[in-house]
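Please read the structure below before turning to the comments.
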Protein chains: 2
Amino acid sequence: MPKGNCRGNGWWHGKLRGCGYRLTMGREAILDVLSKAEGHLSAEDIYMKVHPGYPHIGLTSIYRTLDVLSGLGMVYKLDFGDGRARYEFAEGPKGAHHHHHLVCTGCNKVVDYTDFIDEEVELLRETEKGLSKKYGFKIANHIIQFYGLCEACAKKK
Amino acid sequence: MPKGNCRGNGWWHGKLRGCGYRLTMGREAILDVLSKAEGHLSAEDIYMKVHPGYPHIGLTSIYRTLDVLSGLGMVYKLDFGDGRARYEFAEGPKGAHHHHHLVCTGCNKVVDYTDFIDEEVELLRETEKGLSKKYGFKIANHIIQFYGLCEACAKKK
DNA sequence: TTGTTAATGAAAATCATTTTCAATTTAAGG
DNA sequence: CCTTAAATTGAAAATGATTTTCATTAACAA
Ligand SMILES: [Mn+2]
Ligand SMILES: [Mn+2]
Ligand SMILES: [Zn+2]
Ligand SMILES: [Zn+2]
């Protein structure tokens, strides 16, 4: 173990530095939480997960870091209609398991689904190409979300 | 012309009343603006369009009405990432021209597109059916948005 | 016309996110 | 390791969209 608990073994070290950003303790802590967390975290969720280990990192920095990371495409910023932004890690070079979302407008439950993704993605790729040409956009990204009621909420009438 | 300038010739009269809502001047004014407006209006945009004709209608009521209308599926509430919700009329029984969105993350320009819509919609319908069965959701709605840079913003580097 | 109750406006409250600014930290170079 | 310039940060204050409160008004069933 060279140089003790040296930071910077994560693959994102290079990504950040490569884009001219400094690698700080706060950014690492946030990336660490995001990369491990399952669901869709709000800025405050992340703050609360980071806080125990790094009590001096403020919510402001969480927001700032999330901006940087989503600017770099390392995290996705999502809106499920509950008044706060949600973030999810854009999986690294290893396991690329692209997915879309199914949102319950009753209880705000969100399901990640990967079924049908292949067909969807193929169509999207073509659509993207067509739109790029027709409207002159350089497309970087897309969102597909289905809205409805989960079983429980549908029952409640 | 029976009964003078009687309100309530719009097709939405029935829709609102049928769902137990009262038909008020404010609601009509808002529906009127939404049905005629092109783009994607924020609550305040709508307020400003309604104001000249109905100066007593407050922003609060705009928000309240928009909630009702989107609850009924008569308008869509959209998020293009600029910090305020945007609303667009969900076209009535007549011209159903479903569309999706292309959003510039540089200048927030939004393009409605209908190209490819048919293929997309068909795939979505199947996906919807599959998801409904697998996850027990009663799906009411979907969103597809592409994000990228418009020509102008891409040039600005 | 009348009574019930939903709907409304104005003002205050909320609350997620942003801005400000002085202090700290990073990382490049000696 | 030491120095230095610039990026980054935390704390507190500001912002701004949306919501809540509450007394008043308007819609509409009877
Ligand atoms: Mn997800
Ligand atoms: Mn549109
Ligand atoms: Zn639900
Ligand atoms: Zn643009």
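Residues are referred to by chain and number: the chain letter is A, B, ... according to the order shown in the structure tokens, the number counts from 1 in that chain, and ligands are numbered separately from 1 in the order shown.
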Around ligand 3, out to 7 Å and counting only C-alpha atoms (C1' of nucleotides) and all ligand atoms, which residues are there? I want them as a short mmCIF file (atom, residue, chain, number, x, y, z; two decimals) with C-alpha atoms, in the first residue's frame.
data_model
loop_
_atom_site.label_atom_id
_atom_site.label_comp_id
_atom_site.auth_asym_id
_atom_site.auth_seq_id
_atom_site.Cartn_x
_atom_site.Cartn_y
_atom_site.Cartn_z
CA CYS A 104 -45.85 6.98 -9.90
CA THR A 105 -47.62 10.33 -9.77
CA GLY A 106 -49.42 9.18 -6.65
CA CYS A 107 -46.58 8.35 -4.27
CA ASN A 108 -43.51 9.40 -6.27
CA LYS A 109 -42.13 5.92 -6.39
CA LEU A 149 -50.06 5.07 -10.90
CA CYS A 150 -48.43 2.17 -9.14
CA GLU A 151 -50.62 -0.71 -8.07
CA ALA A 152 -51.06 0.62 -4.55
CA CYS A 153 -51.95 4.13 -5.67
#
Please run DSSP on the backbone and report, as an MDAnalysis selection string, all residues within chain B that come out as alpha helix (DSSP H). chainID B and resid 12:18 25:36 43:50 59:71 117:135 151:155
Pull out every residue of chain C sitting within 12 Å of chain B, counting only C-alpha atoms (C1' of nucleotides), and send them as a ChimeraX atom specification. /C:5-11,16-18
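Those residues of segment 72-117 of chain B that DSSP, working from the backbone, places in strand (DSSP E or B) are Val75, Tyr76, Lys77, Leu78, Arg86, Tyr87, Glu88, Phe89, His100, His101, Leu102, Val103, Cys104, Val110, Val111, Asp112 and Tyr113 of chain B.
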Could the residues in this selection be written to a file with all heavy atoms, as a compact mmCIF listing (two decimals), in the first residue's frame?
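Listing of result23.txt after writing:
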# COMPACT_ATOMS: atom_id res chain seq x y z
N VAL B 75 -53.51 19.85 -19.59
CA VAL B 75 -52.23 20.49 -19.93
C VAL B 75 -51.11 19.59 -19.43
O VAL B 75 -51.28 18.82 -18.50
CB VAL B 75 -52.06 21.89 -19.30
CG1 VAL B 75 -53.23 22.79 -19.62
CG2 VAL B 75 -51.86 21.80 -17.81
N TYR B 76 -49.97 19.70 -20.10
CA TYR B 76 -48.80 19.00 -19.63
C TYR B 76 -47.89 19.98 -18.90
O TYR B 76 -47.73 21.11 -19.33
CB TYR B 76 -48.01 18.42 -20.81
CG TYR B 76 -48.78 17.40 -21.59
CD1 TYR B 76 -48.95 17.52 -22.97
CD2 TYR B 76 -49.35 16.30 -20.95
CE1 TYR B 76 -49.66 16.59 -23.69
CE2 TYR B 76 -50.07 15.36 -21.67
CZ TYR B 76 -50.22 15.51 -23.04
OH TYR B 76 -50.93 14.57 -23.76
N LYS B 77 -47.35 19.51 -17.81
CA LYS B 77 -46.40 20.31 -17.04
C LYS B 77 -45.01 19.79 -17.38
O LYS B 77 -44.74 18.60 -17.25
CB LYS B 77 -46.68 20.10 -15.54
CG LYS B 77 -45.80 20.90 -14.61
CD LYS B 77 -46.18 20.62 -13.16
CE LYS B 77 -45.42 21.52 -12.20
NZ LYS B 77 -45.83 21.25 -10.78
N LEU B 78 -44.15 20.68 -17.83
CA LEU B 78 -42.85 20.22 -18.33
C LEU B 78 -41.70 20.88 -17.60
O LEU B 78 -41.83 21.99 -17.07
CB LEU B 78 -42.73 20.57 -19.82
CG LEU B 78 -43.84 20.00 -20.72
CD1 LEU B 78 -43.80 20.66 -22.08
CD2 LEU B 78 -43.66 18.50 -20.85
N ARG B 86 -42.99 24.65 -16.98
CA ARG B 86 -43.57 25.15 -18.23
C ARG B 86 -44.81 24.32 -18.52
O ARG B 86 -44.86 23.14 -18.19
CB ARG B 86 -42.59 24.97 -19.39
CG ARG B 86 -41.27 25.62 -19.16
CD ARG B 86 -41.23 26.97 -19.80
NE ARG B 86 -40.13 27.79 -19.32
CZ ARG B 86 -40.03 29.07 -19.62
NH1 ARG B 86 -40.96 29.66 -20.36
NH2 ARG B 86 -39.04 29.79 -19.15
N TYR B 87 -45.79 24.97 -19.14
CA TYR B 87 -47.04 24.27 -19.40
C TYR B 87 -47.39 24.35 -20.87
O TYR B 87 -47.13 25.36 -21.52
CB TYR B 87 -48.14 24.90 -18.56
CG TYR B 87 -47.87 24.81 -17.08
CD1 TYR B 87 -47.08 25.76 -16.44
CD2 TYR B 87 -48.37 23.76 -16.33
CE1 TYR B 87 -46.80 25.68 -15.08
CE2 TYR B 87 -48.11 23.67 -14.97
CZ TYR B 87 -47.31 24.63 -14.35
OH TYR B 87 -47.04 24.54 -13.00
N GLU B 88 -47.96 23.28 -21.37
CA GLU B 88 -48.46 23.33 -22.75
C GLU B 88 -49.78 22.60 -22.81
O GLU B 88 -50.02 21.63 -22.11
CB GLU B 88 -47.43 22.81 -23.75
CG GLU B 88 -47.51 21.36 -24.06
CD GLU B 88 -46.39 20.92 -25.01
OE1 GLU B 88 -45.77 21.75 -25.66
OE2 GLU B 88 -46.14 19.71 -25.05
N PHE B 89 -50.64 23.14 -23.65
CA PHE B 89 -51.97 22.61 -23.83
C PHE B 89 -51.91 21.20 -24.41
O PHE B 89 -51.20 20.96 -25.38
CB PHE B 89 -52.71 23.54 -24.80
CG PHE B 89 -54.19 23.41 -24.75
CD1 PHE B 89 -54.88 23.61 -23.57
CD2 PHE B 89 -54.91 23.12 -25.90
CE1 PHE B 89 -56.27 23.51 -23.53
CE2 PHE B 89 -56.29 23.02 -25.86
CZ PHE B 89 -56.97 23.21 -24.67
N HIS B 100 -42.68 15.55 -29.28
CA HIS B 100 -41.67 15.42 -28.23
C HIS B 100 -40.74 16.62 -28.30
O HIS B 100 -40.93 17.49 -29.14
CB HIS B 100 -40.92 14.09 -28.40
CG HIS B 100 -41.78 12.89 -28.15
ND1 HIS B 100 -41.55 11.66 -28.70
CD2 HIS B 100 -42.92 12.75 -27.40
CE1 HIS B 100 -42.48 10.81 -28.30
NE2 HIS B 100 -43.33 11.44 -27.52
N HIS B 101 -39.74 16.64 -27.41
CA HIS B 101 -38.94 17.86 -27.29
C HIS B 101 -37.44 17.67 -27.44
O HIS B 101 -36.88 16.65 -27.04
CB HIS B 101 -39.22 18.53 -25.94
CG HIS B 101 -40.62 18.99 -25.80
ND1 HIS B 101 -41.49 18.49 -24.87
CD2 HIS B 101 -41.32 19.92 -26.50
CE1 HIS B 101 -42.65 19.09 -24.98
NE2 HIS B 101 -42.60 19.96 -25.98
N LEU B 102 -36.84 18.70 -27.99
CA LEU B 102 -35.41 18.77 -28.22
C LEU B 102 -34.97 20.04 -27.50
O LEU B 102 -35.42 21.13 -27.82
CB LEU B 102 -35.21 18.91 -29.73
CG LEU B 102 -33.87 18.77 -30.38
CD1 LEU B 102 -33.15 17.53 -29.90
CD2 LEU B 102 -34.06 18.69 -31.90
N VAL B 103 -34.12 19.89 -26.48
CA VAL B 103 -33.79 21.01 -25.61
C VAL B 103 -32.32 21.38 -25.70
O VAL B 103 -31.46 20.52 -25.58
CB VAL B 103 -34.10 20.65 -24.14
CG1 VAL B 103 -33.84 21.84 -23.23
CG2 VAL B 103 -35.53 20.15 -23.99
N CYS B 104 -32.05 22.67 -25.91
CA CYS B 104 -30.65 23.12 -25.92
C CYS B 104 -30.23 23.47 -24.50
O CYS B 104 -30.81 24.33 -23.86
CB CYS B 104 -30.46 24.33 -26.82
SG CYS B 104 -28.78 24.99 -26.71
N VAL B 110 -36.17 25.41 -27.01
CA VAL B 110 -36.87 24.12 -27.07
C VAL B 110 -37.54 23.97 -28.42
O VAL B 110 -38.25 24.87 -28.87
CB VAL B 110 -37.94 24.02 -25.97
CG1 VAL B 110 -38.71 22.72 -26.10
CG2 VAL B 110 -37.31 24.15 -24.59
N VAL B 111 -37.28 22.85 -29.08
CA VAL B 111 -37.91 22.56 -30.37
C VAL B 111 -38.93 21.45 -30.19
O VAL B 111 -38.64 20.42 -29.59
CB VAL B 111 -36.85 22.11 -31.39
CG1 VAL B 111 -37.53 21.65 -32.67
CG2 VAL B 111 -35.85 23.21 -31.66
N ASP B 112 -40.14 21.68 -30.65
CA ASP B 112 -41.14 20.61 -30.72
C ASP B 112 -40.86 19.83 -31.99
O ASP B 112 -40.76 20.43 -33.06
CB ASP B 112 -42.55 21.20 -30.87
CG ASP B 112 -43.04 21.88 -29.61
OD1 ASP B 112 -42.39 21.76 -28.57
OD2 ASP B 112 -44.11 22.52 -29.69
N TYR B 113 -40.75 18.54 -31.90
CA TYR B 113 -40.60 17.80 -33.16
C TYR B 113 -41.66 16.72 -33.27
O TYR B 113 -42.12 16.18 -32.26
CB TYR B 113 -39.20 17.21 -33.29
CG TYR B 113 -38.91 16.03 -32.40
CD1 TYR B 113 -39.25 14.72 -32.79
CD2 TYR B 113 -38.31 16.19 -31.17
CE1 TYR B 113 -38.98 13.64 -31.98
CE2 TYR B 113 -38.04 15.12 -30.35
CZ TYR B 113 -38.38 13.84 -30.75
OH TYR B 113 -38.13 12.77 -29.95
Residues of chain B within 7 Å of chain A, counting only C-alpha atoms - could you list those as an MDAnalysis selection string? chainID B and resid 116 127 136:151
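Within 9 Å of chain B, chain D contributes the residues D:DA17, D:DT18, D:DT19, D:DA26, D:DA27, D:DC28, using only C-alpha atoms (C1' of nucleotides).
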Please, what distance in Å, to one decimal, runs between atom CA of His13 of chain A and atom CA of Lys36 of chain A? 16.2 Å
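With distances taken over only C-alpha atoms and all ligand atoms, A:Ala90 is the one residue among A:Ala90, A:Ser35, A:Ile62, A:Asp45 lying closest to ligand 1.
One distance worth recording is that between atom CA of Leu16 of chain B and atom C1' of DA29 of chain D, which is 16.6 Å.
Atom CA of Asp82 of chain A lies 19.7 Å from atom CA of Leu41 of chain B.
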